[in-house]
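A.B. asks: One file: upload-v3.pdb (PDB, C-alpha atoms and all ligand atoms).
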```
MODEL        1
ATOM      1  CA  MET A   1      83.067 118.315 111.733  1.00  0.00           C
ATOM      2  CA  ASN A   2      79.826 120.061 112.417  1.00  0.00           C
ATOM      3  CA  ARG A   3      79.071 119.035 115.991  1.00  0.00           C
ATOM      4  CA  ARG A   4      75.370 119.685 115.638  1.00  0.00           C
ATOM      5  CA  ILE A   5      75.082 117.387 112.669  1.00  0.00           C
ATOM      6  CA  LEU A   6      77.051 114.704 114.478  1.00  0.00           C
ATOM      7  CA  LYS A   7      74.816 115.046 117.513  1.00  0.00           C
ATOM      8  CA  THR A   8      71.700 114.957 115.389  1.00  0.00           C
ATOM      9  CA  PHE A   9      72.511 111.554 114.066  1.00  0.00           C
ATOM     10  CA  THR A  10      73.578 109.843 117.279  1.00  0.00           C
ATOM     11  CA  ALA A  11      69.988 108.581 117.261  1.00  0.00           C
ATOM     12  CA  ASN A  12      70.945 106.295 114.416  1.00  0.00           C
ATOM     13  CA  THR A  13      74.201 104.760 115.518  1.00  0.00           C
ATOM     14  CA  LEU A  14      75.943 101.765 114.045  1.00  0.00           C
ATOM     15  CA  ALA A  15      78.862 100.656 116.162  1.00  0.00           C
ATOM     16  CA  VAL A  16      81.458  98.605 114.391  1.00  0.00           C
ATOM     17  CA  THR A  17      84.592  96.941 115.644  1.00  0.00           C
ATOM     18  CA  ALA A  18      87.015  95.713 113.058  1.00  0.00           C
ATOM     19  CA  LEU A  19      90.240  94.201 114.284  1.00  0.00           C
ATOM     20  CA  VAL A  20      93.369  93.523 112.309  1.00  0.00           C
ATOM     21  CA  ALA A  21      96.532  92.128 113.866  1.00  0.00           C
ATOM     22  CA  GLY A  22      99.748  91.587 111.983  1.00  0.00           C
ATOM     23  CA  THR A  23      98.872  90.472 108.521  1.00  0.00           C
ATOM     24  CA  THR A  24      96.157  88.180 109.840  1.00  0.00           C
ATOM     25  CA  LEU A  25      92.614  89.361 109.804  1.00  0.00           C
ATOM     26  CA  ILE A  26      90.877  88.470 113.018  1.00  0.00           C
ATOM     27  CA  SER A  27      87.309  88.152 111.867  1.00  0.00           C
ATOM     28  CA  PRO A  28      85.840  91.606 112.234  1.00  0.00           C
ATOM     29  CA  ALA A  29      83.469  91.709 115.147  1.00  0.00           C
ATOM     30  CA  LEU A  30      80.491  93.806 114.231  1.00  0.00           C
ATOM     31  CA  THR A  31      78.058  95.166 116.736  1.00  0.00           C
ATOM     32  CA  TYR A  32      75.046  97.147 115.727  1.00  0.00           C
ATOM     33  CA  ALA A  33      73.711  99.590 118.278  1.00  0.00           C
ATOM     34  CA  GLN A  34      70.443 101.165 117.315  1.00  0.00           C
ATOM     35  CA  GLU A  35      69.450 103.776 119.844  1.00  0.00           C
ATOM     36  CA  ALA A  36      65.937 105.008 120.397  1.00  0.00           C
ATOM     37  CA  PRO A  37      65.289 108.358 118.675  1.00  0.00           C
ATOM     38  CA  ASP A  38      65.498 111.316 121.012  1.00  0.00           C
ATOM     39  CA  ALA A  39      62.677 113.870 120.770  1.00  0.00           C
ATOM     40  CA  ALA A  40      64.898 116.902 121.497  1.00  0.00           C
ATOM     41  CA  GLN A  41      67.428 115.810 118.890  1.00  0.00           C
ATOM     42  CA  GLY A  42      64.629 115.277 116.427  1.00  0.00           C
ATOM     43  CA  GLU A  43      63.684 118.936 116.750  1.00  0.00           C
ATOM     44  CA  GLU A  44      67.275 119.973 116.140  1.00  0.00           C
ATOM     45  CA  ALA A  45      67.276 117.946 112.951  1.00  0.00           C
ATOM     46  CA  THR A  46      64.548 120.115 111.471  1.00  0.00           C
ATOM     47  CA  GLN A  47      66.829 123.172 111.801  1.00  0.00           C
ATOM     48  CA  ASP A  48      69.931 121.624 110.255  1.00  0.00           C
ATOM     49  CA  PRO A  49      69.448 120.393 106.718  1.00  0.00           C
ATOM     50  CA  PRO A  50      70.360 116.726 107.000  1.00  0.00           C
ATOM     51  CA  ILE A  51      73.174 115.264 104.956  1.00  0.00           C
ATOM     52  CA  ARG A  52      72.902 111.838 103.417  1.00  0.00           C
ATOM     53  CA  GLY A  53      76.021 109.826 103.869  1.00  0.00           C
ATOM     54  CA  ILE A  54      78.279 108.177 106.381  1.00  0.00           C
ATOM     55  CA  THR A  55      79.809 109.871 109.374  1.00  0.00           C
ATOM     56  CA  GLY A  56      81.664 108.438 112.304  1.00  0.00           C
ATOM     57  CA  THR A  57      84.733 107.948 114.395  1.00  0.00           C
ATOM     58  CA  VAL A  58      87.758 105.702 113.910  1.00  0.00           C
ATOM     59  CA  THR A  59      90.065 104.717 116.744  1.00  0.00           C
ATOM     60  CA  PHE A  60      93.100 102.463 116.969  1.00  0.00           C
ATOM     61  CA  ALA A  61      92.724  99.380 119.116  1.00  0.00           C
ATOM     62  CA  ARG A  62      96.002 100.219 120.845  1.00  0.00           C
ATOM     63  CA  GLU A  63      98.151 103.285 121.295  1.00  0.00           C
ATOM     64  CA  THR A  64     101.363 104.063 119.481  1.00  0.00           C
ATOM     65  CA  ARG A  65     103.910 106.816 119.346  1.00  0.00           C
ATOM     66  CA  LEU A  66     104.952 105.960 115.790  1.00  0.00           C
ATOM     67  CA  LYS A  67     104.395 109.062 113.705  1.00  0.00           C
ATOM     68  CA  LYS A  68     103.273 107.251 110.572  1.00  0.00           C
ATOM     69  CA  VAL A  69     100.674 105.249 112.469  1.00  0.00           C
ATOM     70  CA  GLU A  70      98.297 108.154 112.869  1.00  0.00           C
ATOM     71  CA  LEU A  71      94.571 108.405 112.382  1.00  0.00           C
ATOM     72  CA  VAL A  72      95.074 111.050 109.673  1.00  0.00           C
ATOM     73  CA  ASN A  73      96.574 108.272 107.548  1.00  0.00           C
ATOM     74  CA  VAL A  74      93.347 106.250 107.646  1.00  0.00           C
ATOM     75  CA  ILE A  75      91.227 106.437 104.489  1.00  0.00           C
ATOM     76  CA  VAL A  76      87.530 105.633 104.722  1.00  0.00           C
ATOM     77  CA  SER A  77      85.897 104.871 101.374  1.00  0.00           C
ATOM     78  CA  VAL A  78      82.793 103.415  99.751  1.00  0.00           C
ATOM     79  CA  GLU A  79      83.861 100.551  97.502  1.00  0.00           C
ATOM     80  CA  GLY A  80      82.273  99.027  94.407  1.00  0.00           C
ATOM     81  CA  LEU A  81      80.553 102.148  93.061  1.00  0.00           C
ATOM     82  CA  ARG A  82      81.808 103.257  89.664  1.00  0.00           C
ATOM     83  CA  LEU A  83      80.453 106.573  88.366  1.00  0.00           C
ATOM     84  CA  GLU A  84      79.089 107.301  84.884  1.00  0.00           C
ATOM     85  CA  GLU A  85      81.336 109.573  82.834  1.00  0.00           C
ATOM     86  CA  ASP A  86      79.192 112.699  83.412  1.00  0.00           C
ATOM     87  CA  ALA A  87      78.943 112.151  87.153  1.00  0.00           C
ATOM     88  CA  LEU A  88      82.688 111.547  87.346  1.00  0.00           C
ATOM     89  CA  ALA A  89      83.432 114.773  85.439  1.00  0.00           C
ATOM     90  CA  GLU A  90      81.128 116.674  87.793  1.00  0.00           C
ATOM     91  CA  ALA A  91      82.775 115.132  90.843  1.00  0.00           C
ATOM     92  CA  LEU A  92      86.224 116.011  89.496  1.00  0.00           C
ATOM     93  CA  GLU A  93      85.190 119.645  89.079  1.00  0.00           C
ATOM     94  CA  SER A  94      84.231 119.956  92.714  1.00  0.00           C
ATOM     95  CA  ARG A  95      87.533 118.559  93.984  1.00  0.00           C
ATOM     96  CA  GLU A  96      90.130 120.881  95.482  1.00  0.00           C
ATOM     97  CA  PRO A  97      93.650 120.647  93.973  1.00  0.00           C
ATOM     98  CA  SER A  98      95.651 117.782  95.469  1.00  0.00           C
ATOM     99  CA  VAL A  99      99.212 118.492  96.533  1.00  0.00           C
ATOM    100  CA  ILE A 100     102.025 116.485  98.090  1.00  0.00           C
ATOM    101  CA  ASP A 101     104.743 118.700  99.532  1.00  0.00           C
ATOM    102  CA  GLN A 102     108.306 117.670 100.152  1.00  0.00           C
ATOM    103  CA  GLU A 103     109.206 119.275 103.446  1.00  0.00           C
ATOM    104  CA  ASP A 104     112.212 118.445 105.611  1.00  0.00           C
ATOM    105  CA  MET A 105     112.788 115.294 103.572  1.00  0.00           C
ATOM    106  CA  THR A 106     109.237 114.085 104.169  1.00  0.00           C
ATOM    107  CA  PHE A 107     106.274 113.744 101.822  1.00  0.00           C
ATOM    108  CA  VAL A 108     103.327 115.678 103.281  1.00  0.00           C
ATOM    109  CA  PRO A 109     100.726 114.270 103.562  1.00  0.00           C
ATOM    110  CA  HIS A 110     101.906 110.700 104.032  1.00  0.00           C
ATOM    111  CA  VAL A 111      98.605 109.381 102.643  1.00  0.00           C
ATOM    112  CA  LEU A 112      96.562 111.236 100.031  1.00  0.00           C
ATOM    113  CA  PRO A 113      93.219 109.984  98.683  1.00  0.00           C
ATOM    114  CA  ILE A 114      92.214 111.242  95.217  1.00  0.00           C
ATOM    115  CA  LEU A 115      89.585 110.559  92.567  1.00  0.00           C
ATOM    116  CA  ILE A 116      90.496 108.832  89.275  1.00  0.00           C
ATOM    117  CA  GLY A 117      91.400 111.375  86.626  1.00  0.00           C
ATOM    118  CA  GLU A 118      92.771 113.759  89.222  1.00  0.00           C
ATOM    119  CA  ALA A 119      96.243 115.303  89.073  1.00  0.00           C
ATOM    120  CA  VAL A 120      98.574 115.486  92.053  1.00  0.00           C
ATOM    121  CA  GLU A 121     101.048 118.337  92.262  1.00  0.00           C
ATOM    122  CA  PHE A 122     104.425 117.550  93.802  1.00  0.00           C
ATOM    123  CA  ASN A 123     105.945 120.569  95.417  1.00  0.00           C
ATOM    124  CA  ASN A 124     109.542 120.525  96.619  1.00  0.00           C
ATOM    125  CA  GLY A 125     109.862 123.089  99.409  1.00  0.00           C
ATOM    126  CA  ASP A 126     113.321 121.920 100.437  1.00  0.00           C
ATOM    127  CA  PRO A 127     116.475 123.632  99.158  1.00  0.00           C
ATOM    128  CA  ILE A 128     117.829 120.227  98.104  1.00  0.00           C
ATOM    129  CA  TYR A 129     117.123 117.842  95.235  1.00  0.00           C
ATOM    130  CA  HIS A 130     114.228 115.434  95.578  1.00  0.00           C
ATOM    131  CA  ASN A 131     112.742 112.986  93.132  1.00  0.00           C
ATOM    132  CA  VAL A 132     109.290 111.407  92.826  1.00  0.00           C
ATOM    133  CA  TYR A 133     108.526 107.989  91.370  1.00  0.00           C
ATOM    134  CA  PRO A 134     106.064 105.141  92.043  1.00  0.00           C
ATOM    135  CA  ALA A 135     107.699 102.213  93.854  1.00  0.00           C
ATOM    136  CA  THR A 136     105.677  99.708  91.815  1.00  0.00           C
ATOM    137  CA  GLY A 137     106.443 101.415  88.500  1.00  0.00           C
ATOM    138  CA  GLU A 138     102.753 102.077  87.848  1.00  0.00           C
ATOM    139  CA  PRO A 139     101.583 104.446  86.568  1.00  0.00           C
ATOM    140  CA  PRO A 140     104.888 105.008  84.747  1.00  0.00           C
ATOM    141  CA  PHE A 141     106.254 108.391  85.702  1.00  0.00           C
ATOM    142  CA  ASN A 142     109.438 109.785  87.168  1.00  0.00           C
ATOM    143  CA  LEU A 143     109.661 113.445  87.978  1.00  0.00           C
ATOM    144  CA  GLY A 144     113.456 113.498  87.794  1.00  0.00           C
ATOM    145  CA  MET A 145     115.551 115.551  90.143  1.00  0.00           C
ATOM    146  CA  TYR A 146     114.362 118.954  91.083  1.00  0.00           C
ATOM    147  CA  PRO A 147     115.216 121.352  93.925  1.00  0.00           C
ATOM    148  CA  ASN A 148     113.024 124.129  95.347  1.00  0.00           C
ATOM    149  CA  ALA A 149     111.489 124.735  91.955  1.00  0.00           C
ATOM    150  CA  GLU A 150     108.348 124.739  89.877  1.00  0.00           C
ATOM    151  CA  PRO A 151     105.851 122.174  91.144  1.00  0.00           C
ATOM    152  CA  GLN A 152     105.344 119.159  88.894  1.00  0.00           C
ATOM    153  CA  ALA A 153     102.085 117.310  88.435  1.00  0.00           C
ATOM    154  CA  THR A 154     101.030 113.871  87.327  1.00  0.00           C
ATOM    155  CA  THR A 155      97.550 112.427  86.705  1.00  0.00           C
ATOM    156  CA  PHE A 156      96.247 109.113  88.023  1.00  0.00           C
ATOM    157  CA  GLU A 157      93.701 107.362  85.809  1.00  0.00           C
ATOM    158  CA  GLU A 158      93.237 103.943  87.443  1.00  0.00           C
ATOM    159  CA  PRO A 159      92.011 102.940  90.899  1.00  0.00           C
ATOM    160  CA  ALA A 160      95.143 101.908  92.812  1.00  0.00           C
ATOM    161  CA  ILE A 161      97.270 102.392  95.856  1.00  0.00           C
ATOM    162  CA  VAL A 162     100.416 103.999  94.501  1.00  0.00           C
ATOM    163  CA  GLU A 163     103.425 103.988  96.792  1.00  0.00           C
ATOM    164  CA  ILE A 164     105.514 107.085  96.123  1.00  0.00           C
ATOM    165  CA  LYS A 165     109.242 107.195  96.748  1.00  0.00           C
ATOM    166  CA  CYS A 166     112.170 109.567  96.319  1.00  0.00           C
ATOM    167  CA  ALA A 167     115.226 108.116  94.572  1.00  0.00           C
ATOM    168  CA  VAL A 168     117.536 110.392  96.577  1.00  0.00           C
ATOM    169  CA  HIS A 169     116.211 109.615 100.063  1.00  0.00           C
ATOM    170  CA  SER A 170     115.148 106.004 100.489  1.00  0.00           C
ATOM    171  CA  GLU A 171     113.239 106.742 103.704  1.00  0.00           C
ATOM    172  CA  MET A 172     110.851 109.117 101.925  1.00  0.00           C
ATOM    173  CA  GLN A 173     107.516 107.418 101.289  1.00  0.00           C
ATOM    174  CA  ALA A 174     103.925 108.388 100.611  1.00  0.00           C
ATOM    175  CA  PHE A 175     100.766 106.681  99.409  1.00  0.00           C
ATOM    176  CA  ILE A 176      98.349 108.025  96.820  1.00  0.00           C
ATOM    177  CA  VAL A 177      95.068 106.158  97.127  1.00  0.00           C
ATOM    178  CA  VAL A 178      93.211 106.509  93.817  1.00  0.00           C
ATOM    179  CA  LYS A 179      89.459 105.930  94.176  1.00  0.00           C
ATOM    180  CA  GLU A 180      86.839 105.316  91.492  1.00  0.00           C
ATOM    181  CA  ASN A 181      84.124 107.379  93.214  1.00  0.00           C
ATOM    182  CA  PRO A 182      84.184 110.546  95.330  1.00  0.00           C
ATOM    183  CA  TYR A 183      82.784 108.870  98.442  1.00  0.00           C
ATOM    184  CA  PHE A 184      85.965 108.803 100.508  1.00  0.00           C
ATOM    185  CA  ALA A 185      87.601 110.815 103.243  1.00  0.00           C
ATOM    186  CA  SER A 186      90.766 111.066 105.264  1.00  0.00           C
ATOM    187  CA  VAL A 187      90.143 110.665 108.961  1.00  0.00           C
ATOM    188  CA  GLN A 188      90.723 113.822 111.004  1.00  0.00           C
ATOM    189  CA  GLU A 189      93.229 114.000 113.877  1.00  0.00           C
ATOM    190  CA  ASP A 190      90.423 113.386 116.356  1.00  0.00           C
ATOM    191  CA  GLY A 191      89.317 110.260 114.494  1.00  0.00           C
ATOM    192  CA  THR A 192      86.143 111.704 112.986  1.00  0.00           C
ATOM    193  CA  PHE A 193      85.182 111.627 109.333  1.00  0.00           C
ATOM    194  CA  THR A 194      82.250 112.577 107.114  1.00  0.00           C
ATOM    195  CA  ILE A 195      81.466 111.260 103.637  1.00  0.00           C
ATOM    196  CA  GLU A 196      78.620 113.260 102.143  1.00  0.00           C
ATOM    197  CA  GLY A 197      76.235 112.310  99.363  1.00  0.00           C
ATOM    198  CA  VAL A 198      76.700 108.554  99.517  1.00  0.00           C
ATOM    199  CA  PRO A 199      73.857 106.877  97.580  1.00  0.00           C
ATOM    200  CA  ALA A 200      71.250 105.356  99.873  1.00  0.00           C
ATOM    201  CA  GLY A 201      71.256 101.603 100.330  1.00  0.00           C
ATOM    202  CA  VAL A 202      73.682  98.946 101.440  1.00  0.00           C
ATOM    203  CA  GLN A 203      77.244 100.110 100.848  1.00  0.00           C
ATOM    204  CA  GLN A 204      80.640  98.566 101.445  1.00  0.00           C
ATOM    205  CA  LEU A 205      82.727 100.892 103.599  1.00  0.00           C
ATOM    206  CA  GLN A 206      86.447 100.236 103.604  1.00  0.00           C
ATOM    207  CA  LEU A 207      88.932 101.336 106.259  1.00  0.00           C
ATOM    208  CA  TRP A 208      92.486 101.475 104.980  1.00  0.00           C
ATOM    209  CA  HIS A 209      95.787 102.473 106.552  1.00  0.00           C
ATOM    210  CA  PRO A 210      99.271 101.649 105.195  1.00  0.00           C
ATOM    211  CA  GLU A 211     100.016  99.641 108.334  1.00  0.00           C
ATOM    212  CA  THR A 212      96.832  97.563 108.410  1.00  0.00           C
ATOM    213  CA  GLU A 213      95.032  95.122 106.204  1.00  0.00           C
ATOM    214  CA  PRO A 214      91.959  96.825 104.755  1.00  0.00           C
ATOM    215  CA  VAL A 215      88.731  96.084 106.571  1.00  0.00           C
ATOM    216  CA  THR A 216      85.354  96.255 104.843  1.00  0.00           C
ATOM    217  CA  ILE A 217      82.140  96.897 106.718  1.00  0.00           C
ATOM    218  CA  GLU A 218      78.604  96.721 105.350  1.00  0.00           C
ATOM    219  CA  VAL A 219      76.734  99.942 106.101  1.00  0.00           C
ATOM    220  CA  THR A 220      73.138 100.813 105.294  1.00  0.00           C
ATOM    221  CA  VAL A 221      72.821 104.457 104.226  1.00  0.00           C
ATOM    222  CA  PRO A 222      69.321 105.913 104.775  1.00  0.00           C
ATOM    223  CA  GLU A 223      67.538 108.007 102.128  1.00  0.00           C
ATOM    224  CA  ASP A 224      67.685 111.373 103.832  1.00  0.00           C
ATOM    225  CA  GLU A 225      70.103 111.309 106.744  1.00  0.00           C
ATOM    226  CA  ALA A 226      73.542 110.160 107.732  1.00  0.00           C
ATOM    227  CA  VAL A 227      74.368 106.865 109.341  1.00  0.00           C
ATOM    228  CA  GLU A 228      76.960 107.141 112.067  1.00  0.00           C
ATOM    229  CA  ILE A 229      79.489 104.396 112.675  1.00  0.00           C
ATOM    230  CA  GLU A 230      82.231 103.759 115.184  1.00  0.00           C
ATOM    231  CA  ALA A 231      85.124 101.669 113.951  1.00  0.00           C
ATOM    232  CA  GLU A 232      88.253 100.374 115.640  1.00  0.00           C
ATOM    233  CA  ILE A 233      91.250  99.190 113.659  1.00  0.00           C
ATOM    234  CA  MET A 234      94.464  97.538 114.753  1.00  0.00           C
ATOM    235  CA  TYR A 235      97.746  98.304 113.028  1.00  0.00           C
ATOM    236  CA  ARG A 236     100.743  96.026 112.517  1.00  0.00           C
ATOM    237  CA  LEU A 237     103.293  96.213 115.312  1.00  0.00           C
ATOM    238  CA  GLY A 238     106.369  98.263 114.511  1.00  0.00           C
ATOM    239  CA  GLU A 239     109.905  97.669 115.757  1.00  0.00           C
ATOM    240  CA  GLY A 240     110.196  97.981 119.514  1.00  0.00           C
ATOM    241  CA  GLU A 241     106.450  97.821 120.065  1.00  0.00           C
ATOM    242  CA  GLU A 242     104.595  95.225 122.050  1.00  0.00           C
TER     243      GLU A 242
HETATM  244 CU    CU B   1     114.145 113.174  98.614  1.00  0.00          CU
ENDMDL
END
```
The structure in this file should be written as structure tokens.
C.D. replies:
Amino acid sequence: MNRRILKTFTANTLAVTALVAGTTLISPALTYAQEAPDAAQGEEATQDPPIRGITGTVTFARETRLKKVELVNVIVSVEGLRLEEDALAEALESREPSVIDQEDMTFVPHVLPILIGEAVEFNNGDPIYHNVYPATGEPPFNLGMYPNAEPQATTFEEPAIVEIKCAVHSEMQAFIVVKENPYFASVQEDGTFTIEGVPAGVQQLQLWHPETEPVTIEVTVPEDEAVEIEAEIMYRLGEGEE
């Protein structure tokens, strides 16, 4: 996160609270905080070329020590925007290769967002046999059994949340979140995220985490700068948690 850019856009802040408890959605409480523009920050903005898009911070409404309930497993995405074929091909070209490693009997990362048409490489770094298959059977693939060997790849063509499992180790689980446009991001460890290039206008921003119900927030993206949001999400309680 470029701190200067973040600071530049605190003048245009949209604060959002979205609460989810258990499987029941408590109606998301939305608060909009529009701060007065700051002259000094305005000057800074002329030095940094502004990005258009959505930036912000996500926090959990309560603390947890459960490893899988981490902010890095939150996906923030703009929903309802399907790209033309050319624009999609261009977006695919600018994507970095997507990889899920199998390390110490764990899929890493636990949650991976990708763009439709993108391939994911599965890389077994353990000296034991692992397997990769989708728990729902879709898309149909099964990478068989393979130890510490050549990585295998599979391509995802439809928007979906694909739960990935290993037939050898039932506790191994990952989620590939296949999006129909490139306007998505994983949240960083510190809760921040940036989605660049989002078309201006009213957009539907979704917050998703495997342990929450998805929450959708309406966000207005300006023509030539970023809108900054703050969002709070609540995960489902795990065993032994209060
Ligand atoms: Cu395994």
A.B. asks: Please expand the PyMOL selection byres (((chain A and resi 75) around 12) and not hetatm) into the concrete residues it hits in this file, giving the result as an MDAnalysis selection string.
C.D. replies: chainID A and resid 57:58 70:74 76:79 110:114 161 175:179 183:188 191:195 205:212 214:216 233
A.B. asks: For chain A against ligand CU 1 (chain B), with a cut-off of 6 Å and counting only C-alpha atoms and all ligand atoms, what is the closest atom pair and its distance in Å to one decimal for every residue that makes the cut, ordered by chain and number, as a Markdown table?
C.D. replies:
```
| residue | atom | partner | partner_atom | distance |
| --- | --- | --- | --- | --- |
| A:Met105 | CA | B:CU1 | CU | 5.6 |
| A:His130 | CA | B:CU1 | CU | 3.8 |
| A:Asn131 | CA | B:CU1 | CU | 5.7 |
| A:Cys166 | CA | B:CU1 | CU | 4.7 |
| A:Val168 | CA | B:CU1 | CU | 4.8 |
| A:His169 | CA | B:CU1 | CU | 4.4 |
```
A.B. asks: Pick from A:Glu96, A:Leu88, A:Ala174, A:Leu66: nearest to Pro109 in chain A, with all atoms listed in the file counted?
C.D. replies: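 Result for the nearest residue to Pro109 in chain A: A:Ala174.
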A.B. asks: Convert the output of the PyMOL selection byres (((chain A and resi 118) around 8) and not hetatm) on the shown file into explicit residues, formatted as a ChimeraX atom specification.
C.D. replies: /A:92,98,114-117,119-120,155-157
A.B. asks: Enclose all atoms of range 127-137 of chain A listed in the file in an axis-aligned box, grow every side by 5 Å, and hand back centre and edge lengths in Å to one decimal, as JSON.
C.D. replies:
```
{"center_x": 111.8, "center_y": 111.7, "center_z": 93.8, "size_x": 22.2, "size_y": 33.9, "size_z": 20.7}
```
A.B. asks: Just how far from CA of Asn123 in chain A is CA of Glu150 in chain A, in Å to one decimal?
C.D. replies: 7.3 Å
A.B. asks: Between CA of Ala167 in chain A and CA of Tyr129 in chain A, what is the spacing in Å?
C.D. replies: 9.9 Å
A.B. asks: Residues near Ala226 in chain A, anyone? I mean within 6 Å using only C-alpha atoms, not counting same-chain ones fewer than 6 positions away, as a list in words.
C.D. replies: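 My reading of the contact set: Ile51, Arg52, Gly53 and Ile54 of chain A.
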A.B. asks: Looking at all atoms listed in the file, which of A:Thr136, A:Gln152, A:Glu103, A:Glu180 is the one that sits closest to Glu85 in chain A?
C.D. replies: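 Among A:Thr136, A:Gln152, A:Glu103, A:Glu180, it is A:Glu180 that comes nearest to Glu85 in chain A.
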A.B. asks: Taking all atoms listed in the file into account, which of A:Glu213, A:Asp224, A:Asp86, A:Glu158 comes nearest Gly197 in chain A?
C.D. replies: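 Of all the options, A:Asp224 lies closest to Gly197 in chain A.
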A.B. asks: Please, what distance in Å, to one decimal, runs between CA of Val221 in chain A and CA of Pro182 in chain A?
C.D. replies: 15.7 Å
